[in-house]
>>> print(open('data28.cif').read())   # mmCIF, C-alpha atoms and all ligand atoms
data_structure
loop_
_atom_site.label_atom_id
_atom_site.label_comp_id
_atom_site.auth_asym_id
_atom_site.auth_seq_id
_atom_site.Cartn_x
_atom_site.Cartn_y
_atom_site.Cartn_z
CA MET A 199 -3.02 31.87 13.55
CA LEU A 200 -3.54 28.25 12.38
CA ARG A 201 -0.39 26.13 12.40
CA ILE A 202 -0.45 22.83 10.55
CA GLY A 203 2.17 20.13 10.14
CA LEU A 204 2.43 17.57 7.35
CA LEU A 205 4.41 14.37 7.05
CA THR A 206 4.53 11.39 4.71
CA SER A 207 5.51 8.11 6.32
CA GLY A 208 6.28 4.54 5.24
CA GLY A 209 6.68 3.36 1.64
CA ASP A 210 6.11 6.12 -0.89
CA CYS A 211 3.46 5.99 -3.59
CA GLN A 212 2.25 8.01 -6.54
CA ALA A 213 -0.36 10.36 -5.08
CA LEU A 214 1.28 11.69 -1.90
CA ASN A 215 1.99 15.13 -3.35
CA ALA A 216 -1.49 15.32 -4.88
CA THR A 217 -2.94 14.66 -1.42
CA MET A 218 -0.79 17.30 0.29
CA ARG A 219 -1.74 19.79 -2.41
CA GLY A 220 -5.40 19.05 -1.65
CA ILE A 221 -4.87 19.67 2.07
CA VAL A 222 -2.87 22.88 1.69
CA LYS A 223 -5.00 24.50 -1.02
CA THR A 224 -8.18 23.79 0.92
CA VAL A 225 -6.82 25.04 4.23
CA LEU A 226 -5.48 28.22 2.67
CA ARG A 227 -8.70 28.90 0.84
CA ASN A 228 -11.06 28.20 3.71
CA SER A 229 -9.24 29.20 6.88
CA LYS A 230 -10.43 32.41 8.50
CA GLU A 231 -7.06 32.71 10.20
CA LYS A 232 -3.59 33.20 8.80
CA VAL A 233 -1.98 29.80 8.18
CA GLU A 234 1.54 28.54 8.84
CA ILE A 235 2.57 25.28 7.18
CA TYR A 236 5.36 23.04 8.44
CA GLY A 237 6.51 20.09 6.33
CA PHE A 238 8.45 17.45 8.31
CA GLU A 239 11.22 15.77 6.36
CA ASP A 240 11.50 12.00 5.91
CA GLY A 241 8.40 10.93 7.80
CA TYR A 242 8.33 10.66 11.58
CA GLN A 243 12.11 11.13 11.59
CA GLY A 244 11.53 14.80 10.81
CA LEU A 245 9.13 15.11 13.74
CA ILE A 246 11.47 13.24 16.07
CA TYR A 247 14.48 15.40 15.23
CA GLY A 248 12.69 18.68 14.49
CA ARG A 249 13.72 18.63 10.83
CA TYR A 250 11.08 20.66 9.04
CA ARG A 251 10.57 23.25 6.33
CA LYS A 252 8.27 26.22 6.60
CA MET A 253 6.23 25.94 3.42
CA SER A 254 3.86 28.04 1.38
CA TRP A 255 1.24 27.71 -1.34
CA ALA A 256 3.98 27.80 -3.99
CA ASP A 257 5.55 24.57 -2.67
CA PHE A 258 2.36 22.69 -3.45
CA SER A 259 1.64 24.23 -6.83
CA GLY A 260 2.44 21.99 -9.79
CA VAL A 261 2.84 18.82 -7.70
CA LEU A 262 -0.48 17.18 -8.58
CA ILE A 263 1.15 14.87 -11.10
CA LYS A 264 4.50 14.46 -9.36
CA GLY A 265 5.13 10.96 -7.93
CA GLY A 266 7.08 10.22 -4.74
CA THR A 267 6.93 12.78 -1.94
CA ILE A 268 8.38 16.28 -1.88
CA LEU A 269 8.89 15.85 1.89
CA GLY A 270 10.75 12.53 1.72
CA THR A 271 9.69 9.51 3.76
CA SER A 272 11.06 6.74 5.94
CA ARG A 273 9.87 3.76 7.89
CA THR A 274 9.62 4.14 11.68
CA PRO A 275 8.33 0.71 12.77
CA PHE A 276 5.54 0.94 15.32
CA LYS A 277 6.92 -1.98 17.31
CA LEU A 278 10.13 0.02 17.88
CA LEU A 279 8.33 3.21 18.89
CA ASP A 280 9.33 2.86 22.53
CA THR A 281 12.87 1.78 21.70
CA PRO A 282 15.17 4.83 21.72
CA GLU A 283 16.99 5.87 18.53
CA ALA A 284 20.65 4.84 18.21
CA ASP A 285 21.67 8.20 19.69
CA GLY A 286 19.39 7.69 22.70
CA VAL A 287 16.56 9.99 21.59
CA GLU A 288 13.17 8.77 22.87
CA LYS A 289 10.88 8.88 19.83
CA VAL A 290 7.44 9.58 21.30
CA PRO A 291 8.51 12.28 23.81
CA ALA A 292 10.62 13.92 21.08
CA MET A 293 7.67 14.01 18.66
CA VAL A 294 5.36 15.47 21.31
CA LYS A 295 7.99 18.05 22.24
CA ASN A 296 8.54 19.21 18.64
CA TYR A 297 4.80 19.40 17.97
CA ARG A 298 4.38 21.55 21.08
CA LYS A 299 7.44 23.67 20.32
CA LEU A 300 5.93 24.69 16.98
CA ASP A 301 2.59 25.20 18.71
CA LEU A 302 0.86 23.13 16.03
CA ASP A 303 -2.92 22.98 15.85
CA CYS A 304 -2.94 19.82 13.78
CA LEU A 305 -0.63 17.21 12.24
CA PHE A 306 -1.60 15.52 8.98
CA VAL A 307 -0.07 12.05 8.63
CA LEU A 308 -0.11 10.47 5.17
CA GLY A 309 0.70 6.86 5.86
CA GLY A 310 -0.16 3.17 5.73
CA ASN A 311 -0.96 0.79 8.55
CA GLY A 312 2.15 1.20 10.68
CA SER A 313 2.10 4.97 10.31
CA THR A 314 -1.57 5.11 11.24
CA LYS A 315 -0.84 3.11 14.40
CA THR A 316 1.82 5.67 15.31
CA ALA A 317 -0.63 8.49 14.51
CA ASN A 318 -3.07 6.89 16.93
CA ARG A 319 -0.37 6.73 19.59
CA LEU A 320 0.29 10.45 19.09
CA ARG A 321 -3.44 11.05 19.47
CA GLU A 322 -3.30 9.17 22.79
CA GLU A 323 -0.48 11.51 23.80
CA GLY A 324 -2.84 14.43 23.27
CA LEU A 325 -1.82 15.64 19.79
CA ASN A 326 -4.39 16.69 17.19
CA VAL A 327 -3.79 14.19 14.38
CA ILE A 328 -5.57 13.52 11.09
CA ALA A 329 -4.47 10.44 9.12
CA LEU A 330 -4.85 9.92 5.38
CA PRO A 331 -4.90 6.41 3.88
CA LYS A 332 -1.79 5.99 1.76
CA THR A 333 -0.43 2.76 0.30
CA ILE A 334 -0.30 0.94 -2.99
CA ASP A 335 -1.27 -2.21 -1.04
CA ASN A 336 -4.86 -1.04 -0.32
CA ASP A 337 -4.71 -2.89 3.01
CA THR A 338 -5.75 0.00 5.28
CA TYR A 339 -8.68 -1.07 7.39
CA GLY A 340 -11.72 1.19 7.46
CA THR A 341 -11.51 2.55 3.92
CA ASP A 342 -12.54 0.93 0.66
CA MET A 343 -9.56 2.48 -1.10
CA THR A 344 -6.17 3.97 -0.39
CA PHE A 345 -4.35 6.44 -2.62
CA GLY A 346 -1.52 4.83 -4.57
CA PHE A 347 -3.57 1.68 -5.19
CA PRO A 348 -5.19 2.80 -8.48
CA SER A 349 -1.85 3.79 -10.02
CA ALA A 350 -0.17 0.58 -8.84
CA ILE A 351 -2.91 -1.47 -10.50
CA ASP A 352 -2.23 0.33 -13.78
CA ILE A 353 1.52 -0.31 -13.62
CA ALA A 354 1.15 -3.97 -12.65
CA THR A 355 -1.46 -4.44 -15.38
CA LYS A 356 0.83 -2.87 -17.98
CA CYS A 357 3.58 -5.25 -16.91
CA ILE A 358 1.26 -8.26 -17.34
CA ASP A 359 0.08 -6.88 -20.72
CA ASP A 360 3.63 -6.46 -21.97
CA ILE A 361 4.67 -9.97 -20.97
CA HIS A 362 1.90 -11.47 -23.12
CA THR A 363 3.69 -11.01 -26.46
CA THR A 364 6.87 -12.80 -25.40
CA ALA A 365 4.91 -15.49 -23.57
CA ASP A 366 2.91 -16.09 -26.75
CA SER A 367 5.87 -15.96 -29.17
CA HIS A 368 7.91 -18.46 -27.13
CA ARG A 369 5.08 -20.65 -25.79
CA ARG A 370 6.26 -19.86 -22.28
CA VAL A 371 4.85 -19.85 -18.80
CA PHE A 372 5.52 -16.53 -17.06
CA VAL A 373 5.40 -16.05 -13.31
CA ILE A 374 4.87 -12.36 -12.55
CA GLU A 375 5.37 -11.29 -8.96
CA ILE A 376 3.22 -8.39 -7.81
CA MET A 377 3.62 -6.32 -4.63
CA GLY A 378 1.06 -6.05 -1.88
CA HIS A 379 2.87 -7.07 1.31
CA LYS A 380 0.57 -9.43 3.29
CA VAL A 381 -2.51 -8.93 1.13
CA GLY A 382 -3.55 -9.64 -2.46
CA TRP A 383 -5.37 -6.50 -3.65
CA ILE A 384 -2.95 -5.42 -6.39
CA PRO A 385 -2.37 -8.97 -7.75
CA LEU A 386 -6.12 -9.61 -7.76
CA TYR A 387 -7.05 -6.41 -9.59
CA ALA A 388 -4.07 -6.34 -11.96
CA GLY A 389 -4.36 -10.08 -12.53
CA ILE A 390 -7.95 -9.74 -13.69
CA ALA A 391 -7.24 -6.56 -15.69
CA GLY A 392 -4.21 -8.18 -17.32
CA GLY A 393 -5.93 -11.46 -18.18
CA ALA A 394 -3.90 -13.73 -15.89
CA ASP A 395 -4.63 -17.44 -16.01
CA VAL A 396 -3.66 -18.08 -12.40
CA ILE A 397 -3.70 -15.58 -9.50
CA LEU A 398 -2.12 -16.58 -6.20
CA ILE A 399 -2.84 -14.34 -3.21
CA PRO A 400 -2.19 -14.69 0.54
CA GLU A 401 -5.89 -14.77 1.39
CA ILE A 402 -6.43 -17.90 -0.74
CA PRO A 403 -3.71 -20.46 0.06
CA TYR A 404 -2.82 -22.59 -2.97
CA GLU A 405 -1.56 -26.05 -3.83
CA MET A 406 1.03 -26.45 -6.54
CA ASP A 407 -0.88 -29.44 -8.00
CA ASN A 408 -3.78 -27.10 -8.80
CA VAL A 409 -1.48 -24.56 -10.46
CA ILE A 410 0.06 -27.29 -12.63
CA ASP A 411 -3.45 -28.57 -13.50
CA ALA A 412 -4.47 -25.07 -14.60
CA ILE A 413 -1.42 -24.76 -16.86
CA GLU A 414 -2.00 -28.19 -18.40
CA GLN A 415 -5.71 -27.55 -18.88
CA ARG A 416 -4.90 -24.32 -20.72
CA GLU A 417 -2.54 -26.22 -22.96
CA ARG A 418 -5.22 -28.82 -23.70
CA ASP A 419 -7.57 -25.93 -24.54
CA GLY A 420 -5.06 -24.76 -27.14
CA GLY A 421 -3.38 -21.96 -25.18
CA ARG A 422 0.18 -21.22 -26.26
CA PHE A 423 1.22 -19.67 -22.95
CA SER A 424 0.19 -19.20 -19.34
CA ILE A 425 0.47 -16.16 -17.13
CA ILE A 426 0.73 -16.81 -13.40
CA VAL A 427 0.36 -13.70 -11.23
CA VAL A 428 1.73 -14.31 -7.77
CA ALA A 429 1.44 -11.96 -4.81
CA GLU A 430 4.71 -11.41 -3.02
CA GLY A 431 2.99 -12.77 0.10
CA ALA A 432 1.27 -15.78 -1.52
CA ILE A 433 1.24 -18.88 0.62
CA THR A 434 0.61 -22.61 0.11
CA LYS A 435 -2.06 -24.48 2.05
CA LYS A 436 0.67 -26.32 3.91
CA GLU A 437 2.39 -23.06 4.86
CA ALA A 438 -0.94 -21.54 5.93
CA ALA A 439 -1.41 -24.43 8.37
CA MET A 440 1.99 -23.81 9.99
CA LYS A 441 2.59 -21.91 13.20
CA LYS A 442 3.47 -18.26 12.45
CA LYS A 443 7.00 -18.57 13.80
CA ASP A 444 7.69 -21.78 11.81
CA TYR A 445 6.45 -20.09 8.62
CA LYS A 446 8.63 -17.04 9.30
CA ARG A 447 11.64 -19.33 9.74
CA LEU A 448 10.83 -21.06 6.45
CA VAL A 449 10.64 -17.73 4.60
CA ALA A 450 13.93 -16.62 6.17
CA GLN A 451 15.56 -19.81 4.85
CA ARG A 452 14.55 -19.16 1.22
CA VAL A 453 17.63 -18.96 -0.94
CA LYS A 454 15.95 -17.52 -4.03
CA PRO A 455 15.31 -13.75 -4.19
CA SER A 456 11.54 -14.16 -3.84
CA ILE A 457 8.55 -16.48 -4.11
CA ALA A 458 8.14 -16.19 -7.91
CA TYR A 459 11.47 -17.94 -8.45
CA ASP A 460 10.48 -20.90 -6.24
CA ILE A 461 7.19 -21.27 -8.08
CA ALA A 462 8.86 -20.99 -11.49
CA GLU A 463 11.41 -23.64 -10.58
CA GLU A 464 8.71 -26.05 -9.48
CA ILE A 465 6.62 -25.50 -12.62
CA ALA A 466 9.67 -26.06 -14.81
CA ALA A 467 10.53 -29.26 -12.93
CA ARG A 468 7.00 -30.64 -13.14
CA THR A 469 6.10 -29.68 -16.72
CA ASP A 470 8.13 -29.60 -19.90
CA ARG A 471 7.42 -25.89 -20.30
CA GLU A 472 9.90 -23.07 -20.53
CA VAL A 473 9.28 -20.83 -17.52
CA ARG A 474 10.40 -17.25 -16.91
CA VAL A 475 10.00 -14.82 -14.02
CA ALA A 476 9.19 -11.09 -14.15
CA VAL A 477 9.27 -8.89 -11.04
CA PRO A 478 8.20 -5.27 -11.64
CA GLY A 479 9.06 -4.47 -7.98
CA HIS A 480 9.17 -0.82 -7.01
CA THR A 481 8.07 0.39 -10.45
CA GLN A 482 4.62 -0.32 -8.99
CA ARG A 483 5.11 2.58 -6.57
CA GLY A 484 6.75 4.86 -9.07
CA GLY A 485 5.93 7.52 -11.62
CA GLU A 486 2.91 9.77 -11.88
CA PRO A 487 -0.43 9.10 -10.19
CA ASN A 488 -3.14 8.06 -12.64
CA ALA A 489 -6.35 10.08 -13.03
CA GLN A 490 -8.35 8.07 -10.48
CA ASP A 491 -5.57 8.42 -7.92
CA ARG A 492 -5.35 12.18 -8.46
CA ILE A 493 -9.08 12.54 -7.91
CA PHE A 494 -9.16 10.33 -4.81
CA ALA A 495 -6.03 11.96 -3.36
CA THR A 496 -7.59 15.38 -3.90
CA GLN A 497 -10.80 14.26 -2.18
CA CYS A 498 -8.78 12.91 0.77
CA GLY A 499 -6.85 16.17 1.00
CA VAL A 500 -9.96 18.36 0.91
CA GLU A 501 -11.77 16.21 3.49
CA ALA A 502 -8.76 16.18 5.81
CA ALA A 503 -8.39 19.96 5.56
CA MET A 504 -12.08 20.49 6.32
CA SER A 505 -11.79 18.10 9.25
CA CYS A 506 -8.99 20.27 10.63
CA LEU A 507 -10.89 23.51 10.03
CA THR A 508 -13.91 22.18 11.89
CA GLY A 509 -11.75 20.90 14.73
CA GLU A 510 -12.39 17.19 14.16
CA TYR A 511 -9.19 15.40 15.06
CA GLY A 512 -8.15 11.87 15.93
CA CYS A 513 -9.61 10.49 12.73
CA MET A 514 -8.63 8.91 9.43
CA ILE A 515 -10.14 10.02 6.13
CA ALA A 516 -11.88 7.12 4.40
CA LEU A 517 -13.97 6.13 1.42
CA ARG A 518 -16.91 3.90 2.24
CA ASN A 519 -19.57 2.82 -0.21
CA GLY A 520 -18.76 5.72 -2.51
CA HIS A 521 -18.75 8.39 0.21
CA MET A 522 -15.89 10.23 1.86
CA MET A 523 -15.95 10.15 5.64
CA ARG A 524 -13.95 10.39 8.84
CA VAL A 525 -13.42 7.30 10.94
CA PRO A 526 -12.01 7.32 14.50
CA LEU A 527 -8.31 6.43 14.51
CA GLU A 528 -8.66 4.01 17.41
CA GLU A 529 -11.20 1.99 15.39
CA VAL A 530 -8.87 1.40 12.46
CA ALA A 531 -5.32 1.55 13.80
CA GLY A 532 -3.53 -1.77 13.84
CA LYS A 533 -5.99 -3.66 11.64
CA LEU A 534 -5.43 -4.92 8.10
CA LYS A 535 -7.99 -5.06 5.30
CA TYR A 536 -7.81 -8.38 3.48
CA VAL A 537 -9.35 -9.59 0.23
CA ASP A 538 -12.47 -11.60 1.00
CA PRO A 539 -12.02 -15.00 -0.70
CA ASP A 540 -15.82 -15.17 -1.09
CA SER A 541 -16.14 -11.68 -2.59
CA GLU A 542 -18.05 -11.15 -5.83
CA LEU A 543 -14.86 -10.29 -7.69
CA VAL A 544 -13.09 -13.51 -6.69
CA ARG A 545 -16.18 -15.57 -7.49
CA GLU A 546 -16.54 -13.90 -10.88
CA ALA A 547 -12.87 -14.44 -11.66
CA LYS A 548 -13.28 -18.13 -10.82
CA MET A 549 -16.40 -18.39 -13.01
CA LEU A 550 -14.36 -16.93 -15.85
CA GLY A 551 -11.83 -19.71 -15.40
CA ILE A 552 -9.06 -17.98 -13.49
CA SER A 553 -7.44 -20.42 -11.07
CA PHE A 554 -6.53 -19.29 -7.55
CA GLY A 555 -4.70 -22.55 -6.97
CA ASP A 556 -7.06 -23.55 -4.16
CA GLU A 557 -9.13 -26.11 -6.07
O1 LIG B 601 3.79 -1.07 1.36
C1 LIG B 601 4.20 -0.85 0.04
C2 LIG B 601 5.22 -1.87 -0.38
O2 LIG B 601 5.64 -1.55 -1.67
C3 LIG B 601 4.78 -3.31 -0.29
O3 LIG B 601 3.96 -3.69 -1.36
C4 LIG B 601 6.09 -4.02 -0.24
O4 LIG B 601 5.97 -5.25 0.42
C5 LIG B 601 6.94 -3.07 0.56
O5 LIG B 601 6.34 -1.80 0.47
C6 LIG B 601 8.37 -2.94 0.10
O6 LIG B 601 9.04 -2.15 1.01
P1 LIG B 601 10.44 -1.45 0.77
O7 LIG B 601 10.24 -0.33 -0.20
O8 LIG B 601 10.82 -0.98 2.11
O9 LIG B 601 11.35 -2.49 0.21
#
>>> encode(input="data28.cif", output="structure tokens")
Amino acid sequence: MLRIGLLTSGGDCQALNATMRGIVKTVLRNSKEKVEIYGFEDGYQGLIYGRYRKMSWADFSGVLIKGGTILGTSRTPFKLLDTPEADGVEKVPAMVKNYRKLDLDCLFVLGGNGSTKTANRLREEGLNVIALPKTIDNDTYGTDMTFGFPSAIDIATKCIDDIHTTADSHRRVFVIEIMGHKVGWIPLYAGIAGGADVILIPEIPYEMDNVIDAIEQRERDGGRFSIIVVAEGAITKKEAAMKKKDYKRLVAQRVKPSIAYDIAEEIAARTDREVRVAVPGHTQRGGEPNAQDRIFATQCGVEAAMSCLTGEYGCMIALRNGHMMRVPLEEVAGKLKYVDPDSELVREAKMLGISFGDE
């Protein structure tokens, strides 16, 4: 008998179900033994409290195009892993106990950075864990792509596309805030795909003077509008030079809902332009996975299943230079993948005339 467990952890995204379908179909088709499948509800919470469903092939049929996660998810911050739950339950011992109680052979964890760190901790505790790189943010170290990212780019791009008509009609400046947590992958890709004039990302600290210059230059060139794409984690040069704790305090003191509103206010004050803000927010994580996401999620699922069937645990499934592979969890856990400010894509965007606010 082969007993496998599945859980989805952290922020949801579009291709979680597609990935689980890939795992389950492949295991069922290729296992020489009878298979039992346990789906833990709401991420690590399900493993901590032993909340699971015994599942079958039928649960994963027809979910390829379904967004969200059929198992539910939650955030279990890694830094609180050794802090007991409110009811006193010790998280790590509880997870180990429930894994052992079900006599699992392997646990598949579909998660982002924090979840992968926890997966690595479970590996250290002796569990057989295989992680799969989930997040719209694309910031998982060790893989060139994460599932969720391709669909998020499409949604953010569509938002930028749709803003163009109103920006043009009204001669406005639009500040569009794009998700991505501490990194700028979605804003960079969607910004280029959507024809943004300015893209501000955390990896390239900006100065407001340069943003204003870019808007004015566009006006001199005859442009009727400007589209500023700002990452939710974008940062000025002055902020980048601050101590981490001082910057955190500054962010905590912000009275506006988010960075786009601060930037919009400053542009309006320093130019005579009408400025508006658009924040697509969680729509970027919602809806169906696009075709590229479905394919990549399926590849991740198949690779993870085969890794389990060949007894290779303690790894994360990754895409590197066009090839699927397994990378040791301890090599990737706890590290973030940032946009390289000197990458070809950034250089090409600059050559095209997109401003990153740094010069
Ligand atoms: O990690 C995915 C993400 O959508 C980030 O882009 C964003 O910063 C964060 O999650 C939002 O988290 P929550 O859904 O908990 O508000």
>>> residues_around(input="data28.cif", residues="range 381-385 of chain A", least_positions_apart="6", cutoff="10 Å", atoms="only C-alpha atoms", output="PyMOL selection string")
chain A and resi 334-337+347-355+374-375+391-392+394+397-402+427-432+482+534-538
>>> atom_distance(input="data28.cif", atom1="CA of Ala317 in chain A", atom2="atom O8 of ligand LIG 601 (chain B)")
19.4 Å
>>> residues_near_ligand(input="data28.cif", ligand="ligand LIG 601 (chain B)", cutoff="7 Å", atoms="all atoms listed in the file", output="PyMOL selection string")
chain A and resi 209+333-335+377-379+480+483
>>> closest_residue(input="data28.cif", among="A:Thr481, A:Ser259, A:Thr267, A:Ser424", to="Asp395 in chain A", atoms="all atoms listed in the file")
A:Ser424
>>> residues_around(input="data28.cif", residues="Met504 in chain A", least_positions_apart="5", cutoff="10 Å", atoms="only C-alpha atoms", output="count of residues only")
9
>>> residues_near_point(input="data28.cif", point="(2.3, 17.4, 9.8)", cutoff="9 Å", atoms="only C-alpha atoms", output="PyMOL selection string")
chain A and resi 202-206+235-238+245+297+302+304-308+327-328
>>> axis_aligned_box(input="data28.cif", around="range 352-361 of chain A", padding_each_side="6 Å", output="AutoDock Vina command-line options")
--center_x 1.2 --center_y -4.8 --center_z -17.3 --size_x 18.9 --size_y 22.3 --size_z 21.3
>>> atom_distance(input="data28.cif", atom1="CA of Asp460 in chain A", atom2="CA of Gly393 in chain A")
22.4 Å
>>> residues_around(input="data28.cif", residues="Lys436 in chain A", least_positions_apart="6", cutoff="10 Å", atoms="only C-alpha atoms", output="JSON, numbers by chain")
{"A": [403, 404, 405, 445]}
>>> residues_around(input="data28.cif", residues="Lys332 in chain A", least_positions_apart="2", cutoff="7 Å", atoms="all atoms listed in the file", output="list in words")
Leu308, Gly309, Gly310, Leu330, Thr344, Phe345 and Gly346 of chain A
